[in-house]
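Asker: Structure file my_file-v6.json (JSON, N, CA and C atoms) right here:
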[["chain", "number", "residue", "atom", "x", "y", "z"],
["J", 809, "THR", "N", 0.84, -1.19, 0.00],
["J", 809, "THR", "CA", 0.00, 0.00, 0.00],
["J", 809, "THR", "C", 0.87, 1.24, 0.00],
["J", 810, "ALA", "N", 0.34, 2.25, -0.60],
["J", 810, "ALA", "CA", 1.08, 3.51, -0.67],
["J", 810, "ALA", "C", 0.90, 4.28, 0.63],
["J", 811, "SER", "N", 1.96, 4.94, 1.06],
["J", 811, "SER", "CA", 1.85, 5.76, 2.27],
["J", 811, "SER", "C", 1.23, 7.10, 1.90],
["J", 812, "PRO", "N", 0.56, 7.75, 2.87],
["J", 812, "PRO", "CA", -0.08, 9.04, 2.57],
["J", 812, "PRO", "C", 0.98, 10.08, 2.23],
["J", 813, "PRO", "N", 0.62, 11.04, 1.39],
["J", 813, "PRO", "CA", 1.60, 12.08, 1.04],
["J", 813, "PRO", "C", 1.97, 12.91, 2.27],
["J", 814, "GLN", "N", 3.23, 13.28, 2.32],
["J", 814, "GLN", "CA", 3.68, 14.10, 3.44],
["J", 814, "GLN", "C", 3.46, 15.57, 3.12],
["J", 815, "SER", "N", 3.15, 16.33, 4.16],
["J", 815, "SER", "CA", 2.97, 17.77, 3.99],
["J", 815, "SER", "C", 4.33, 18.42, 3.83],
["J", 816, "PRO", "N", 4.39, 19.48, 3.05],
["J", 816, "PRO", "CA", 5.66, 20.21, 2.95],
["J", 816, "PRO", "C", 5.95, 20.91, 4.28],
["J", 817, "PRO", "N", 7.20, 21.16, 4.58],
["J", 817, "PRO", "CA", 7.51, 21.85, 5.84],
["J", 817, "PRO", "C", 6.89, 23.24, 5.85],
["J", 818, "ASN", "N", 6.54, 23.69, 7.02],
["J", 818, "ASN", "CA", 5.93, 25.01, 7.18],
["J", 818, "ASN", "C", 7.03, 26.06, 7.26],
["J", 819, "THR", "N", 7.48, 26.56, 6.13],
["J", 819, "THR", "CA", 8.57, 27.52, 6.11],
["J", 819, "THR", "C", 8.14, 28.88, 6.60],
["J", 820, "LEU", "N", 6.87, 29.21, 6.50],
["J", 820, "LEU", "CA", 6.39, 30.51, 6.96],
["J", 820, "LEU", "C", 6.56, 30.63, 8.46],
["J", 821, "ALA", "N", 6.24, 29.60, 9.20],
["J", 821, "ALA", "CA", 6.37, 29.65, 10.65],
["J", 821, "ALA", "C", 7.82, 29.82, 11.08],
["J", 822, "THR", "N", 8.74, 29.13, 10.42],
["J", 822, "THR", "CA", 10.13, 29.25, 10.83],
["J", 822, "THR", "C", 10.72, 30.59, 10.40],
["J", 823, "ALA", "N", 10.25, 31.15, 9.33],
["J", 823, "ALA", "CA", 10.78, 32.43, 8.88],
["J", 823, "ALA", "C", 10.33, 33.57, 9.77],
["J", 824, "SER", "N", 9.14, 33.48, 10.36],
["J", 824, "SER", "CA", 8.62, 34.59, 11.14],
["J", 824, "SER", "C", 8.98, 34.50, 12.61],
["J", 825, "THR", "N", 9.50, 33.38, 13.06],
["J", 825, "THR", "CA", 9.86, 33.23, 14.47],
["J", 825, "THR", "C", 11.37, 33.12, 14.58],
["J", 826, "GLN", "N", 12.03, 34.23, 14.77],
["J", 826, "GLN", "CA", 13.48, 34.26, 14.86],
["J", 826, "GLN", "C", 13.90, 34.90, 16.18],
["J", 827, "PRO", "N", 13.72, 34.22, 17.31],
["J", 827, "PRO", "CA", 14.03, 34.83, 18.59],
["J", 827, "PRO", "C", 15.49, 35.25, 18.71],
["J", 828, "ALA", "N", 16.39, 34.52, 18.09],
["J", 828, "ALA", "CA", 17.80, 34.86, 18.18],
["J", 828, "ALA", "C", 18.29, 35.54, 16.91],
["J", 829, "GLY", "N", 17.39, 35.97, 16.05],
["J", 829, "GLY", "CA", 17.76, 36.62, 14.81],
["J", 829, "GLY", "C", 18.24, 38.03, 15.02],
["J", 830, "SER", "N", 18.78, 38.61, 13.99],
["J", 830, "SER", "CA", 19.29, 39.97, 14.05],
["J", 830, "SER", "C", 18.18, 40.98, 13.78],
["J", 831, "LEU", "N", 18.32, 42.13, 14.41],
["J", 831, "LEU", "CA", 17.45, 43.27, 14.14],
["J", 831, "LEU", "C", 18.30, 44.34, 13.49],
["J", 832, "ARG", "N", 17.70, 45.06, 12.56],
["J", 832, "ARG", "CA", 18.44, 46.12, 11.88],
["J", 832, "ARG", "C", 17.49, 47.24, 11.50],
["J", 833, "ARG", "N", 18.08, 48.32, 11.01],
["J", 833, "ARG", "CA", 17.32, 49.50, 10.63],
["J", 833, "ARG", "C", 16.17, 49.12, 9.69],
["J", 834, "GLY", "N", 14.98, 49.63, 10.01],
["J", 834, "GLY", "CA", 13.79, 49.36, 9.22],
["J", 834, "GLY", "C", 12.89, 48.32, 9.85],
["J", 835, "ASP", "N", 13.42, 47.54, 10.81],
["J", 835, "ASP", "CA", 12.60, 46.53, 11.48],
["J", 835, "ASP", "C", 11.62, 47.19, 12.45],
["J", 836, "ARG", "N", 10.53, 46.48, 12.72],
["J", 836, "ARG", "CA", 9.50, 46.96, 13.65],
["J", 836, "ARG", "C", 9.02, 45.80, 14.50],
["J", 837, "GLY", "N", 8.48, 46.13, 15.67],
["J", 837, "GLY", "CA", 7.83, 45.10, 16.47],
["J", 837, "GLY", "C", 8.25, 45.10, 17.92],
["J", 838, "PRO", "N", 7.71, 44.14, 18.67],
["J", 838, "PRO", "CA", 7.97, 44.07, 20.11],
["J", 838, "PRO", "C", 9.44, 43.81, 20.45],
["J", 839, "ALA", "N", 10.16, 43.10, 19.60],
["J", 839, "ALA", "CA", 11.59, 42.87, 19.87],
["J", 839, "ALA", "C", 12.36, 44.18, 19.79],
["J", 840, "VAL", "N", 11.97, 45.05, 18.88],
["J", 840, "VAL", "CA", 12.63, 46.36, 18.77],
["J", 840, "VAL", "C", 12.27, 47.21, 19.99],
["J", 841, "ARG", "N", 11.02, 47.14, 20.43],
["J", 841, "ARG", "CA", 10.59, 47.88, 21.62],
["J", 841, "ARG", "C", 11.42, 47.43, 22.83],
["J", 842, "ASP", "N", 11.62, 46.13, 22.98],
["J", 842, "ASP", "CA", 12.43, 45.60, 24.08],
["J", 842, "ASP", "C", 13.86, 46.13, 23.99],
["J", 843, "LEU", "N", 14.41, 46.15, 22.79],
["J", 843, "LEU", "CA", 15.76, 46.69, 22.59],
["J", 843, "LEU", "C", 15.80, 48.16, 22.99],
["J", 844, "GLN", "N", 14.82, 48.95, 22.57],
["J", 844, "GLN", "CA", 14.77, 50.36, 22.92],
["J", 844, "GLN", "C", 14.73, 50.55, 24.44],
["J", 845, "GLU", "N", 13.94, 49.72, 25.12],
["J", 845, "GLU", "CA", 13.85, 49.81, 26.58],
["J", 845, "GLU", "C", 15.19, 49.48, 27.23],
["J", 846, "ARG", "N", 15.86, 48.46, 26.74],
["J", 846, "ARG", "CA", 17.17, 48.08, 27.30],
["J", 846, "ARG", "C", 18.19, 49.20, 27.09],
["J", 847, "LEU", "N", 18.20, 49.77, 25.90],
["J", 847, "LEU", "CA", 19.14, 50.87, 25.61],
["J", 847, "LEU", "C", 18.82, 52.10, 26.44],
["J", 848, "THR", "N", 17.53, 52.35, 26.69],
["J", 848, "THR", "CA", 17.12, 53.48, 27.51],
["J", 848, "THR", "C", 17.63, 53.32, 28.94],
["J", 849, "ARG", "N", 17.54, 52.11, 29.48],
["J", 849, "ARG", "CA", 18.02, 51.87, 30.85],
["J", 849, "ARG", "C", 19.52, 52.11, 30.98],
["J", 850, "LEU", "N", 20.24, 52.02, 29.88],
["J", 850, "LEU", "CA", 21.69, 52.28, 29.90],
["J", 850, "LEU", "C", 22.02, 53.71, 29.47],
["J", 851, "TYR", "N", 20.99, 54.54, 29.33],
["J", 851, "TYR", "CA", 21.15, 55.94, 28.91],
["J", 851, "TYR", "C", 21.77, 56.08, 27.53],
["J", 852, "LEU", "N", 21.55, 55.10, 26.68],
["J", 852, "LEU", "CA", 22.08, 55.15, 25.31],
["J", 852, "LEU", "C", 21.04, 55.55, 24.29],
["J", 853, "TYR", "N", 19.77, 55.52, 24.69],
["J", 853, "TYR", "CA", 18.68, 55.82, 23.76],
["J", 853, "TYR", "C", 17.69, 56.72, 24.48],
["J", 854, "THR", "N", 17.35, 57.85, 23.85],
["J", 854, "THR", "CA", 16.48, 58.82, 24.50],
["J", 854, "THR", "C", 15.24, 59.17, 23.68],
["J", 855, "ASP", "N", 15.06, 58.55, 22.54],
["J", 855, "ASP", "CA", 13.89, 58.84, 21.70],
["J", 855, "ASP", "C", 12.69, 58.01, 22.13],
["J", 856, "ALA", "N", 11.62, 58.09, 21.36],
["J", 856, "ALA", "CA", 10.38, 57.38, 21.67],
["J", 856, "ALA", "C", 10.58, 55.87, 21.63],
["J", 857, "ILE", "N", 9.94, 55.19, 22.56],
["J", 857, "ILE", "CA", 9.92, 53.72, 22.55],
["J", 857, "ILE", "C", 8.69, 53.33, 21.76],
["J", 858, "ASP", "N", 8.91, 53.16, 20.45],
["J", 858, "ASP", "CA", 7.79, 52.97, 19.53],
["J", 858, "ASP", "C", 7.88, 51.68, 18.72],
["J", 859, "GLY", "N", 8.91, 50.87, 18.96],
["J", 859, "GLY", "CA", 9.03, 49.60, 18.25],
["J", 859, "GLY", "C", 9.57, 49.72, 16.84],
["J", 860, "TYR", "N", 10.13, 50.89, 16.49],
["J", 860, "TYR", "CA", 10.69, 51.08, 15.15],
["J", 860, "TYR", "C", 12.22, 51.22, 15.25],
["J", 861, "TYR", "N", 12.94, 50.42, 14.49],
["J", 861, "TYR", "CA", 14.40, 50.44, 14.48],
["J", 861, "TYR", "C", 14.86, 51.46, 13.45],
["J", 862, "GLY", "N", 14.86, 52.71, 13.88],
["J", 862, "GLY", "CA", 15.28, 53.80, 13.01],
["J", 862, "GLY", "C", 16.74, 54.16, 13.23],
["J", 863, "ARG", "N", 17.11, 55.31, 12.70],
["J", 863, "ARG", "CA", 18.50, 55.74, 12.78],
["J", 863, "ARG", "C", 18.97, 55.91, 14.22],
["J", 864, "SER", "N", 18.12, 56.45, 15.09],
["J", 864, "SER", "CA", 18.56, 56.67, 16.46],
["J", 864, "SER", "C", 18.80, 55.36, 17.20],
["J", 865, "VAL", "N", 18.00, 54.33, 16.91],
["J", 865, "VAL", "CA", 18.25, 53.01, 17.51],
["J", 865, "VAL", "C", 19.55, 52.44, 16.95],
["J", 866, "GLU", "N", 19.72, 52.55, 15.65],
["J", 866, "GLU", "CA", 20.95, 52.07, 15.01],
["J", 866, "GLU", "C", 22.18, 52.74, 15.61],
["J", 867, "ASP", "N", 22.11, 54.06, 15.80],
["J", 867, "ASP", "CA", 23.23, 54.79, 16.40],
["J", 867, "ASP", "C", 23.49, 54.34, 17.84],
["J", 868, "SER", "N", 22.41, 54.11, 18.59],
["J", 868, "SER", "CA", 22.56, 53.66, 19.98],
["J", 868, "SER", "C", 23.20, 52.28, 20.04],
["J", 869, "VAL", "N", 22.78, 51.39, 19.16],
["J", 869, "VAL", "CA", 23.37, 50.05, 19.11],
["J", 869, "VAL", "C", 24.84, 50.15, 18.71],
["J", 870, "ARG", "N", 25.14, 50.99, 17.75],
["J", 870, "ARG", "CA", 26.53, 51.17, 17.30],
["J", 870, "ARG", "C", 27.40, 51.69, 18.46],
["J", 871, "ASN", "N", 26.88, 52.66, 19.21],
["J", 871, "ASN", "CA", 27.64, 53.20, 20.34],
["J", 871, "ASN", "C", 27.88, 52.13, 21.41],
["J", 872, "TYR", "N", 26.87, 51.32, 21.67],
["J", 872, "TYR", "CA", 27.00, 50.23, 22.64],
["J", 872, "TYR", "C", 28.06, 49.23, 22.15],
["J", 873, "GLN", "N", 27.98, 48.85, 20.88],
["J", 873, "GLN", "CA", 28.95, 47.90, 20.33],
["J", 873, "GLN", "C", 30.37, 48.45, 20.41],
["J", 874, "TRP", "N", 30.54, 49.70, 20.09],
["J", 874, "TRP", "CA", 31.85, 50.31, 20.13],
["J", 874, "TRP", "C", 32.41, 50.28, 21.55],
["J", 875, "ALA", "N", 31.57, 50.66, 22.53],
["J", 875, "ALA", "CA", 32.00, 50.70, 23.93],
["J", 875, "ALA", "C", 32.36, 49.32, 24.47],
["J", 876, "ARG", "N", 31.72, 48.28, 23.94],
["J", 876, "ARG", "CA", 31.95, 46.91, 24.43],
["J", 876, "ARG", "C", 32.90, 46.11, 23.52],
["J", 877, "GLY", "N", 33.35, 46.71, 22.44],
["J", 877, "GLY", "CA", 34.27, 46.03, 21.53],
["J", 877, "GLY", "C", 33.62, 44.92, 20.72],
["J", 878, "ILE", "N", 32.33, 45.05, 20.44],
["J", 878, "ILE", "CA", 31.60, 44.03, 19.68],
["J", 878, "ILE", "C", 31.66, 44.39, 18.20],
["J", 879, "THR", "N", 32.24, 43.51, 17.40],
["J", 879, "THR", "CA", 32.36, 43.78, 15.96],
["J", 879, "THR", "C", 31.74, 42.69, 15.10],
["J", 880, "SER", "N", 31.41, 41.55, 15.67],
["J", 880, "SER", "CA", 30.98, 40.41, 14.87],
["J", 880, "SER", "C", 29.59, 40.54, 14.26],
["J", 881, "ASP", "N", 28.74, 41.39, 14.82],
["J", 881, "ASP", "CA", 27.38, 41.53, 14.30],
["J", 881, "ASP", "C", 27.26, 42.54, 13.17],
["J", 882, "GLY", "N", 28.26, 43.39, 13.02],
["J", 882, "GLY", "CA", 28.17, 44.51, 12.09],
["J", 882, "GLY", "C", 27.67, 45.71, 12.87],
["J", 883, "PHE", "N", 28.34, 46.83, 12.75],
["J", 883, "PHE", "CA", 27.97, 47.99, 13.55],
["J", 883, "PHE", "C", 26.57, 48.47, 13.24],
["J", 884, "GLY", "N", 25.80, 48.66, 14.30],
["J", 884, "GLY", "CA", 24.42, 49.12, 14.18],
["J", 884, "GLY", "C", 23.42, 48.00, 14.03],
["J", 885, "VAL", "N", 23.89, 46.76, 13.90],
["J", 885, "VAL", "CA", 23.00, 45.60, 13.77],
["J", 885, "VAL", "C", 22.94, 44.89, 15.12],
["J", 886, "TYR", "N", 21.73, 44.65, 15.60],
["J", 886, "TYR", "CA", 21.53, 43.95, 16.87],
["J", 886, "TYR", "C", 21.50, 42.46, 16.60],
["J", 887, "GLY", "N", 22.70, 41.87, 16.59],
["J", 887, "GLY", "CA", 22.83, 40.45, 16.31],
["J", 887, "GLY", "C", 23.13, 39.65, 17.56],
["J", 888, "PRO", "N", 23.49, 38.38, 17.41],
["J", 888, "PRO", "CA", 23.67, 37.49, 18.56],
["J", 888, "PRO", "C", 24.69, 37.97, 19.60],
["J", 889, "ALA", "N", 25.83, 38.48, 19.17],
["J", 889, "ALA", "CA", 26.85, 38.92, 20.13],
["J", 889, "ALA", "C", 26.40, 40.15, 20.89],
["J", 890, "THR", "N", 25.78, 41.09, 20.19],
["J", 890, "THR", "CA", 25.29, 42.30, 20.84],
["J", 890, "THR", "C", 24.15, 41.95, 21.79],
["J", 891, "ARG", "N", 23.26, 41.07, 21.34],
["J", 891, "ARG", "CA", 22.13, 40.65, 22.18],
["J", 891, "ARG", "C", 22.63, 40.00, 23.47],
["J", 892, "ALA", "N", 23.59, 39.08, 23.36],
["J", 892, "ALA", "CA", 24.11, 38.39, 24.55],
["J", 892, "ALA", "C", 24.73, 39.38, 25.53],
["J", 893, "SER", "N", 25.48, 40.33, 25.02],
["J", 893, "SER", "CA", 26.11, 41.32, 25.88],
["J", 893, "SER", "C", 25.08, 42.23, 26.53],
["J", 894, "LEU", "N", 24.15, 42.73, 25.75],
["J", 894, "LEU", "CA", 23.15, 43.65, 26.28],
["J", 894, "LEU", "C", 22.24, 42.97, 27.30],
["J", 895, "GLU", "N", 21.87, 41.73, 27.03],
["J", 895, "GLU", "CA", 21.00, 41.00, 27.96],
["J", 895, "GLU", "C", 21.73, 40.64, 29.25],
["J", 896, "ALA", "N", 23.06, 40.64, 29.25],
["J", 896, "ALA", "CA", 23.84, 40.36, 30.45],
["J", 896, "ALA", "C", 24.05, 41.60, 31.31],
["J", 897, "GLU", "N", 23.70, 42.77, 30.80],
["J", 897, "GLU", "CA", 23.85, 44.01, 31.55],
["J", 897, "GLU", "C", 22.91, 43.99, 32.76],
["J", 898, "PRO", "N", 23.33, 44.59, 33.87],
["J", 898, "PRO", "CA", 22.42, 44.69, 35.03],
["J", 898, "PRO", "C", 21.15, 45.45, 34.64],
["J", 899, "THR", "N", 20.02, 44.99, 35.15],
["J", 899, "THR", "CA", 18.76, 45.64, 34.81],
["J", 899, "THR", "C", 18.26, 46.56, 35.91],
["J", 900, "HIS", "N", 19.03, 46.71, 36.97],
["J", 900, "HIS", "CA", 18.64, 47.63, 38.04],
["J", 900, "HIS", "C", 19.84, 48.50, 38.39],
["J", 901, "TRP", "N", 19.53, 49.62, 39.04],
["J", 901, "TRP", "CA", 20.62, 50.54, 39.38],
["J", 901, "TRP", "C", 20.98, 50.39, 40.81]]
Turn this file's structure into structure tokens for me.
Answerer:
Amino acid sequence: TASPPQSPPNTLATASTQPAGSLRRGDRGPAVRDLQERLTRLYLYTDAIDGYYGRSVEDSVRNYQWARGITSDGFGVYGPATRASLEAEPTHW
């Protein structure tokens, strides 16, 4: 007997769920809002917390990377190395 046809993999679900993915200029959403809040707590970001990764977020990420010597993600890109470093920062004063 023939086995039933297999469904193709759900590539849409894997493409839209990237918890460890990089964020960059032009991105929007709750992950960007979280990044803005983290940068604000470190006094690196002073603009609106609106979930948009614009130039001011990019500049803040770049300044953070420069201060911490992070070069592997690309300056201004919130990638795995920058994320790990920023998430390890103390969250209270």
Asker: Extract, using only C-alpha atoms, all DNA, RNA and protein residues at most 9 Å from Glu866 in chain J, discarding same-chain residues fewer than 4 positions from it, and format them as a list in words.
Answerer: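 Counting only C-alpha atoms, the residues come to Arg832, Arg833, Tyr861, Gly862, Arg870, Asn871, Phe883, Gly884, Val885 and Tyr886 of chain J.
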Asker: Report, in Å with one decimal, the straight-line distance from atom C of Arg836 in chain J to CA of Ser868 in chain J.
Answerer: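 Distance between the two atoms: 16.6 Å.
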Asker: In Å, how far is it from atom C of Gly837 in chain J to atom N of Gly859 in chain J?
Answerer: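 Taking atom C of Gly837 in chain J as the start and atom N of Gly859 in chain J as the end point, the length is 5.9 Å.
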Asker: From range 822-899 of chain J, collect each residue whose DSSP state is strand (DSSP E or B) and return the set as a count of residues only.
Answerer: 4
Asker: Compare J:Thr854, J:Thr879, J:Ser893, J:Thr899 by their minimum atom-to-atom distance to Asp867 in chain J, counting only C-alpha atoms, and give me the closest one.
Answerer: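 Of J:Thr854, J:Thr879, J:Ser893, J:Thr899, the one nearest Asp867 in chain J, counting only C-alpha atoms, is J:Thr854.
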Asker: Quick one, how far is atom N of Asp835 in chain J from CA of Pro898 in chain J?
Answerer: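 Result for atom N of Asp835 in chain J versus CA of Pro898 in chain J: 26.0 Å, one decimal.
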Asker: Determine the nearest neighbour of Gly829 in chain J from the options J:Gly887, J:Trp874, J:Arg846, J:Leu894, counting all atoms listed in the file.
Answerer: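 When distances to Gly829 in chain J are compared using all atoms listed in the file, the smallest one comes from J:Gly887.
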Asker: I want to know what sits within 7 Å of Asp858 in chain J, based on only N, CA and C atoms, with residues of the same chain fewer than 5 positions away left out; could you give that as a tab-separated table (two decimals) with N, CA and C atoms, in the coordinates of the input?
Answerer:
chain	number	residue	atom	x	y	z
J	837	GLY	N	8.48	46.13	15.67
J	837	GLY	CA	7.83	45.10	16.47
J	837	GLY	C	8.25	45.10	17.92
J	840	VAL	N	11.97	45.05	18.88
J	840	VAL	CA	12.63	46.36	18.77
J	840	VAL	C	12.27	47.21	19.99
J	841	ARG	N	11.02	47.14	20.43
J	841	ARG	CA	10.59	47.88	21.62
J	841	ARG	C	11.42	47.43	22.83
J	844	GLN	N	14.82	48.95	22.57
J	844	GLN	CA	14.77	50.36	22.92
J	844	GLN	C	14.73	50.55	24.44
